[in-house]
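Encoded as structure tokens, the structure appears first; notes follow it.
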Amino acid sequence: MVIKVSPLGRKLLRDLWRLKMQVLAIALVIASGVALLIMALTSGEALRETTNAYYERYGFADVFASVKRAPERLMEKISRIPGVKRAESRIVHIVTVDISHFAEPATARVVSLPSSGVASLNNIALRKGRRPKRERVDEAVIGERFAVAHQLEIGDRILVLLNGRQRPVFIVGVALAPEFIYVIAPGGIMPDDQRFGVIWMNRDALAGAFDMEEAFNDVSISLTRGTDAEPVIDKLDALLERYGTVGAFARDRQISNRFVQNEIDQAATMAVVLPAIFMAVAAFLTNMIMTRLIATEREEIGLFKAFGYSNASIAWHYVKMVLAIAVLGIAAGFGLGSWLGQFMLQMYGENFQFPFLIYRPSPQSFAIAALVSVAATLLGSMTAVRAAVILPPAEAMRPPAPPTYHRSWFSKTKMANAVDAPTRMIFRRLARWPVSAALSMFGIALSLSVLLLALQWDDAINEMVDDFFFRSHHQDATISLFAAAPARVLHDISALPGVMSVEGQRIVAARIGHAHVVRRQAIVGVTGEATLVPVHDVSRGAIAIPREGVVISSTLADVLGVSYGDAVKLEILEGRRPTGEIRVVDIIETYIDTPIYMHLDALSRVMRESRQMNTVHVRIDATRRHLFLAALKETPRLSAVSFRKAGVQMFRDTVEKNIMVFIGFYTIFSCLLAFGVIYNTLRIALSERGRELATLRVLGFSRAEVSYILLGESGVLVLVALPVGIICGILLSGYIAEQFSTELFRVPLLIKDATAGIAAIGVVLTVSLCALIVRRRLDQLDLIEVLKTRE
């Protein structure tokens, strides 16, 4: 079968082949934008689908609450709260774990499993092994990451400190659970699989160990479809108030779920900003190439119209060329974006703990990427295509009127007389075509801004680490107690071997509110002499804690809508549960969490008790650290121990791995962006000025001088684009940092001079590569053939 191709169709194929390198450069820019968009859309969609499927399959609860100790018969009343679909009680405690080959005391959250049957809510996903047998009180299932970190296998034994008594426990299974997708220790900010994990044991075993027969200290609730959680929480709090609850909370405040949802929200943010930059540049490049192509094909357009081709046929011909470029970029972007989406999901699988991953990208994501790409390229070519349509045949058959030349402002300056003729040519051309030059410059600047955005993340993360772990925290270890103890506990801990100094805090659960906004938040009681972990502001450094009032973070102040001097409602959720109003006496800026501070004496007065502490920070002698660790393992009233050095390492290991991947992706994409802009600018300049440059060669200009005239123009554009790109990069980084900020983390806007320099060098190297390619084509110009060409 013979496929008949129309004259316009044959011309389209010839044009695409003749301009193949320029078409490829634009297609790469489009592919980059499409890939980024599909990566963000499909990875966020996959993470959401995986999370929802996990929650549904293993019964992730909608409401959570903890108490000191409540009778099991209370569950009947809880189940009758309107909107409650199912309610289950558990026993949950923080315990210390002694692992033979690990010098430090590890900490775990021990959670009860039903002694018979399986839990309907927050059920475990067994990865290997089995559940503990009902008659065995020394069997346990442990979290998968905890097991991997310590190379623990089925049948291994660990020592668990249950209510002050160390007991041997045998591992019979390894599991995950929907409430522990992101496992962090109380007060921690990053997972540490070596030092904190999850252990599940039979409820009978934990009831006996913690004196919880026919009682519970944790309850999970699922709601009927469409039920608002807040009324249920209010009724649940009323039922649990007399049993020492620190306040129920909905799924959206559950710490693991908050981290997952933040990641999904950030993927949505990335789907908007960066792809838009690539699509805008693609539109600009399409306009450049189509404008030049139509300008050089005036005679052909006139001939086609003279032979009876309609304006619509001519327009459709050039639209098809634009669509061909877009389709090429879209096809490449589809493949690359799908791979990147799966890669990102695998990274999520490494950061979060899922028993399975689901990657089933919807056609909608690809349709959105395709439509945005086609729209951008068509929009960019609209002006050029319109020029071809409105061109009368008779007018088209004549050469275009030469531009009107006059003495430019540059020619009147002293600089024009001070430079040589080739340099004057460069500046004269830029002055005569300012709009084209400005657009090319701005395209280069955008590529630099994207690269700077990627590279500055390393600066921002290092600033967060330095501020939180070194400027605001000076302790070596932090010890959490099972219960608040009198101030003399500092003397007991200071007596441990290797301890050089100690400092206590009281951390209590509370509700803080203003107007109609209420937040469940821990209040940290700090002594006036605090030096190991003082109240810290990122700008002011350590500040003295006022004797009265509360000091809150600026993020929390924004959430509550309060400013300096405003009164907030305070409800302590421990002890006598006092309530009242207290004044905001200072607002501090922090990068991590949303802390609230009070002077320890003021907090003690509010709680109507003597000075007590439940957290102790210590400095230890490094040469006696092993003795300190051994003593900790034998101290029964410790709830958890964390080490600052380990926290720094885990933060870097977790975050920097992701950041380096992010930097790698966007470095490649930004270089492709710069390549697309510069290559097309140079190729079009060579096409437009081929006769002029050949004439200069015939007149005696050397190859180096001719290359200088052509490439020097792009050199000037790059020099101007560098500061503009850095400014755009700062603005873009600030916008992304603001969009990524949550109540958990705020990314600082920090760009070091070295980072800006590296980004600039990356763009300059990309431009140099383009220049070498075009210089090679310039050297291969057939002077005779070029001079024969009609203008």
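Chains: A, B, ... in order of the structure tokens. Residues: from 1 per chain. Ligands: from 1, in order shown.
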
Give me the residues near Gly729 in chain A as an NGL selection string, where near means some atom within 7 Å (using only C-alpha atoms) and where sequence neighbours in that chain fewer than 2 positions away do not count. :A and (449-450 or 452-453 or 725-727 or 731-733)

Please run DSSP on the backbone and report, as a list in words, all residues within range 568-654 of chain A that come out as alpha helix (DSSP H).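 Filtering range 568-654 of chain A down to alpha helix (DSSP H) leaves Leu600, Asp601, Ala602, Leu603, Ser604, Arg605, Val606, Met607, Arg625, His626, Leu627, Phe628, Leu629, Ala630, Ala631, Leu632, Lys633, Arg644, Lys645, Ala646, Gly647, Val648, Gln649, Met650, Phe651, Arg652, Asp653 and Thr654 of chain A.
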
Selected residues written out with N, CA and C atoms, as a compact mmCIF listing (two decimals), in the first residue's frame:
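The resulting file, result.txt, is shown below:
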# COMPACT_ATOMS: atom_id res chain seq x y z
N LEU A 600 9.76 27.12 84.65
CA LEU A 600 9.37 25.93 85.40
C LEU A 600 8.60 26.29 86.67
N ASP A 601 9.01 27.36 87.34
CA ASP A 601 8.30 27.76 88.56
C ASP A 601 6.88 28.23 88.23
N ALA A 602 6.73 28.98 87.11
CA ALA A 602 5.40 29.43 86.71
C ALA A 602 4.52 28.25 86.34
N LEU A 603 5.08 27.26 85.66
CA LEU A 603 4.31 26.07 85.29
C LEU A 603 3.90 25.29 86.54
N SER A 604 4.81 25.21 87.49
CA SER A 604 4.49 24.51 88.75
C SER A 604 3.36 25.20 89.49
N ARG A 605 3.34 26.55 89.47
CA ARG A 605 2.26 27.27 90.13
C ARG A 605 0.93 27.02 89.42
N VAL A 606 0.96 27.02 88.09
CA VAL A 606 -0.28 26.76 87.34
C VAL A 606 -0.81 25.37 87.66
N MET A 607 0.10 24.40 87.78
CA MET A 607 -0.31 23.02 88.05
C MET A 607 -0.57 22.76 89.54
N ARG A 625 31.77 7.04 78.72
CA ARG A 625 30.46 6.86 78.10
C ARG A 625 29.96 5.42 78.24
N HIS A 626 30.87 4.45 78.12
CA HIS A 626 30.46 3.06 78.22
C HIS A 626 29.90 2.73 79.61
N LEU A 627 30.46 3.37 80.65
CA LEU A 627 29.95 3.15 82.00
C LEU A 627 28.56 3.79 82.15
N PHE A 628 28.41 4.96 81.56
CA PHE A 628 27.12 5.64 81.60
C PHE A 628 26.04 4.79 80.93
N LEU A 629 26.35 4.22 79.77
CA LEU A 629 25.37 3.41 79.04
C LEU A 629 25.01 2.15 79.82
N ALA A 630 26.02 1.53 80.43
CA ALA A 630 25.74 0.33 81.22
C ALA A 630 24.85 0.65 82.41
N ALA A 631 25.07 1.82 83.04
CA ALA A 631 24.24 2.21 84.19
C ALA A 631 22.80 2.51 83.75
N LEU A 632 22.63 3.10 82.58
CA LEU A 632 21.29 3.39 82.09
C LEU A 632 20.47 2.12 81.92
N LYS A 633 21.09 1.06 81.42
CA LYS A 633 20.37 -0.18 81.19
C LYS A 633 19.85 -0.79 82.49
N ARG A 644 22.17 13.11 71.27
CA ARG A 644 22.22 14.19 70.29
C ARG A 644 23.06 13.81 69.08
N LYS A 645 24.21 13.21 69.29
CA LYS A 645 25.08 12.84 68.19
C LYS A 645 24.39 11.86 67.26
N ALA A 646 23.66 10.89 67.84
CA ALA A 646 22.93 9.93 67.01
C ALA A 646 21.82 10.63 66.24
N GLY A 647 21.17 11.63 66.87
CA GLY A 647 20.12 12.38 66.20
C GLY A 647 20.65 13.13 64.99
N VAL A 648 21.84 13.73 65.15
CA VAL A 648 22.45 14.45 64.03
C VAL A 648 22.72 13.50 62.88
N GLN A 649 23.29 12.33 63.20
CA GLN A 649 23.64 11.37 62.16
C GLN A 649 22.41 10.85 61.44
N MET A 650 21.35 10.55 62.19
CA MET A 650 20.14 10.04 61.57
C MET A 650 19.48 11.10 60.70
N PHE A 651 19.51 12.34 61.16
CA PHE A 651 18.93 13.44 60.37
C PHE A 651 19.67 13.57 59.04
N ARG A 652 20.99 13.56 59.12
CA ARG A 652 21.78 13.69 57.90
C ARG A 652 21.58 12.49 56.98
N ASP A 653 21.61 11.27 57.56
CA ASP A 653 21.47 10.08 56.73
C ASP A 653 20.13 10.04 56.02
N THR A 654 19.08 10.43 56.74
CA THR A 654 17.73 10.36 56.17
C THR A 654 17.48 11.47 55.17

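Across A:Val559, A:Val720, A:Ala622, A:Ala267, the tightest approach to Met500 in chain A is made by A:Ala622 when counting only C-alpha atoms.
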
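Each of A:Arg292, A:Arg511, A:Arg506, A:Arg360 was compared to Glu45 in chain A using only C-alpha atoms, and A:Arg360 turns out to be the nearest.
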
At a cut-off of 12 Å, using only C-alpha atoms, what residues contact Gly757 in chain A? Leave out same-chain residues fewer than 2 positions from it and give the result as a list in words.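 Residues near the query, excluding close chain neighbours: Leu448, Leu451, Leu452, Leu455, Gln456, Leu722, Pro723, Gly725, Ile726, Ile751, Lys752, Asp753, Ala754, Thr755, Ala759, Ala760, Ile761, Gly762, Val763 and Val764 of chain A.
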
Between A:Pro168, A:Gly528, A:Pro434, A:Gly155, which has the minimum distance to Pro546 in chain A (counting only C-alpha atoms)? A:Gly528

Between CA of Ile507 in chain A and CA of Gln353 in chain A - distance in Å to one decimal: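 Answer for the CA of Gln353 in chain A to CA of Ile507 in chain A separation: 28.9 Å.
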
Using only C-alpha atoms, which residue out of A:Pro132, A:Gly549, A:Pro422, A:Pro595 lies closest to Leu693 in chain A?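 The answer is A:Pro422, which sits nearest to Leu693 in chain A.
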
Nearest residue to Asn614 in chain A out of A:Arg109, A:Arg195, A:Arg637, A:Arg73, using only C-alpha atoms?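 Looking only at the distances to Asn614 in chain A, the closest residue turns out to be A:Arg637.
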
Which polymer residues have any atom within 10 Å of an atom of Ile736 in chain A, counting only C-alpha atoms, with same-chain residues fewer than 6 positions away left out, as a list of chain:residue names? A:Gln266, A:Thr269, A:Met270, A:Val273, A:Leu274, A:Leu453, A:Ile730, A:Val747, A:Leu749

Identify, on the basis of only C-alpha atoms, every residue whose closest approach to Ile592 in chain A does not exceed 9 Å; exclude the query and any residue fewer than 2 positions from it along the same chain; express the result as a ChimeraX atom specification. /A:189,464,468,590,594-595,743-747

DSSP-assigned strand (DSSP E) among range 37-203 of chain A, expressed as a ChimeraX atom specification: /A:63-71,84-90,92-98,106-113,125-129,139-143,157-162,165-176,196-202

Using CA of Gly333 in chain A and CA of Leu446 in chain A as the two end points, give the distance in Å to one decimal.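 One can read the CA of Gly333 in chain A to CA of Leu446 in chain A distance as 19.8 Å.
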
Report as a PDB file with N, CA and C atoms, in the first residue's frame all protein, DNA and RNA residues lying within 7 Å of range 176-178 of chain A, evaluated on only C-alpha atoms, omitting residues in the same chain fewer than 4 positions from it.
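Printed below is out_31.pdb as written:
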ATOM      1  N   TYR A  54      -3.517   0.750  52.610  1.00  0.00           N
ATOM      2  CA  TYR A  54      -2.929   0.226  53.848  1.00  0.00           C
ATOM      3  C   TYR A  54      -3.847   0.508  55.035  1.00  0.00           C
ATOM      4  N   TYR A  55      -4.331   1.749  55.118  1.00  0.00           N
ATOM      5  CA  TYR A  55      -5.221   2.120  56.215  1.00  0.00           C
ATOM      6  C   TYR A  55      -6.497   1.270  56.200  1.00  0.00           C
ATOM      7  N   TYR A  58      -5.838  -2.649  57.017  1.00  0.00           N
ATOM      8  CA  TYR A  58      -5.432  -2.997  58.382  1.00  0.00           C
ATOM      9  C   TYR A  58      -6.114  -2.138  59.439  1.00  0.00           C
ATOM     10  N   PHE A  60      -6.803   1.306  60.106  1.00  0.00           N
ATOM     11  CA  PHE A  60      -6.249   2.466  60.799  1.00  0.00           C
ATOM     12  C   PHE A  60      -7.381   3.278  61.410  1.00  0.00           C
ATOM     13  N   ASN A 122      -6.022  -0.855  63.770  1.00  0.00           N
ATOM     14  CA  ASN A 122      -4.566  -0.801  63.890  1.00  0.00           C
ATOM     15  C   ASN A 122      -3.959  -2.203  63.947  1.00  0.00           C
ATOM     16  N   ASN A 123      -4.450  -3.062  63.085  1.00  0.00           N
ATOM     17  CA  ASN A 123      -3.955  -4.434  63.052  1.00  0.00           C
ATOM     18  C   ASN A 123      -2.546  -4.466  62.470  1.00  0.00           C
ATOM     19  N   ILE A 124      -1.792  -5.505  62.808  1.00  0.00           N
ATOM     20  CA  ILE A 124      -0.426  -5.615  62.315  1.00  0.00           C
ATOM     21  C   ILE A 124      -0.395  -6.366  60.990  1.00  0.00           C
ATOM     22  N   ALA A 125       0.593  -6.024  60.165  1.00  0.00           N
ATOM     23  CA  ALA A 125       0.826  -6.737  58.908  1.00  0.00           C
ATOM     24  C   ALA A 125       2.068  -7.591  59.095  1.00  0.00           C
ATOM     25  N   LEU A 126       1.865  -8.888  59.344  1.00  0.00           N
ATOM     26  CA  LEU A 126       2.985  -9.791  59.587  1.00  0.00           C
ATOM     27  C   LEU A 126       3.845  -9.906  58.338  1.00  0.00           C
ATOM     28  N   GLY A 143       8.891  -4.601  65.228  1.00  0.00           N
ATOM     29  CA  GLY A 143       8.828  -3.842  63.988  1.00  0.00           C
ATOM     30  C   GLY A 143       9.929  -4.250  63.023  1.00  0.00           C
ATOM     31  N   GLU A 144       9.617  -4.235  61.738  1.00  0.00           N
ATOM     32  CA  GLU A 144      10.556  -4.729  60.726  1.00  0.00           C
ATOM     33  C   GLU A 144      11.844  -3.921  60.693  1.00  0.00           C
ATOM     34  N   PRO A 355       3.847  -2.229  53.881  1.00  0.00           N
ATOM     35  CA  PRO A 355       3.990  -3.648  53.512  1.00  0.00           C
ATOM     36  C   PRO A 355       3.901  -3.861  52.006  1.00  0.00           C
TER      37      PRO A 355
END

Please provide the set of residues having any atom within 12 Å of Arg80 in chain A, restricted to only C-alpha atoms, with same-chain residues fewer than 5 positions apart removed, written as a list in words. Leu74, Met75, Lys85, Arg86, Ala87, Ile221, Leu223, Val232, Lys235, Leu236 and Leu239 of chain A

If you measure from CA of Arg134 in chain A to CA of Ser89 in chain A, what distance in Å do you get, rounded to one decimal?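 Distance reported for this atom pair: 17.5 Å.
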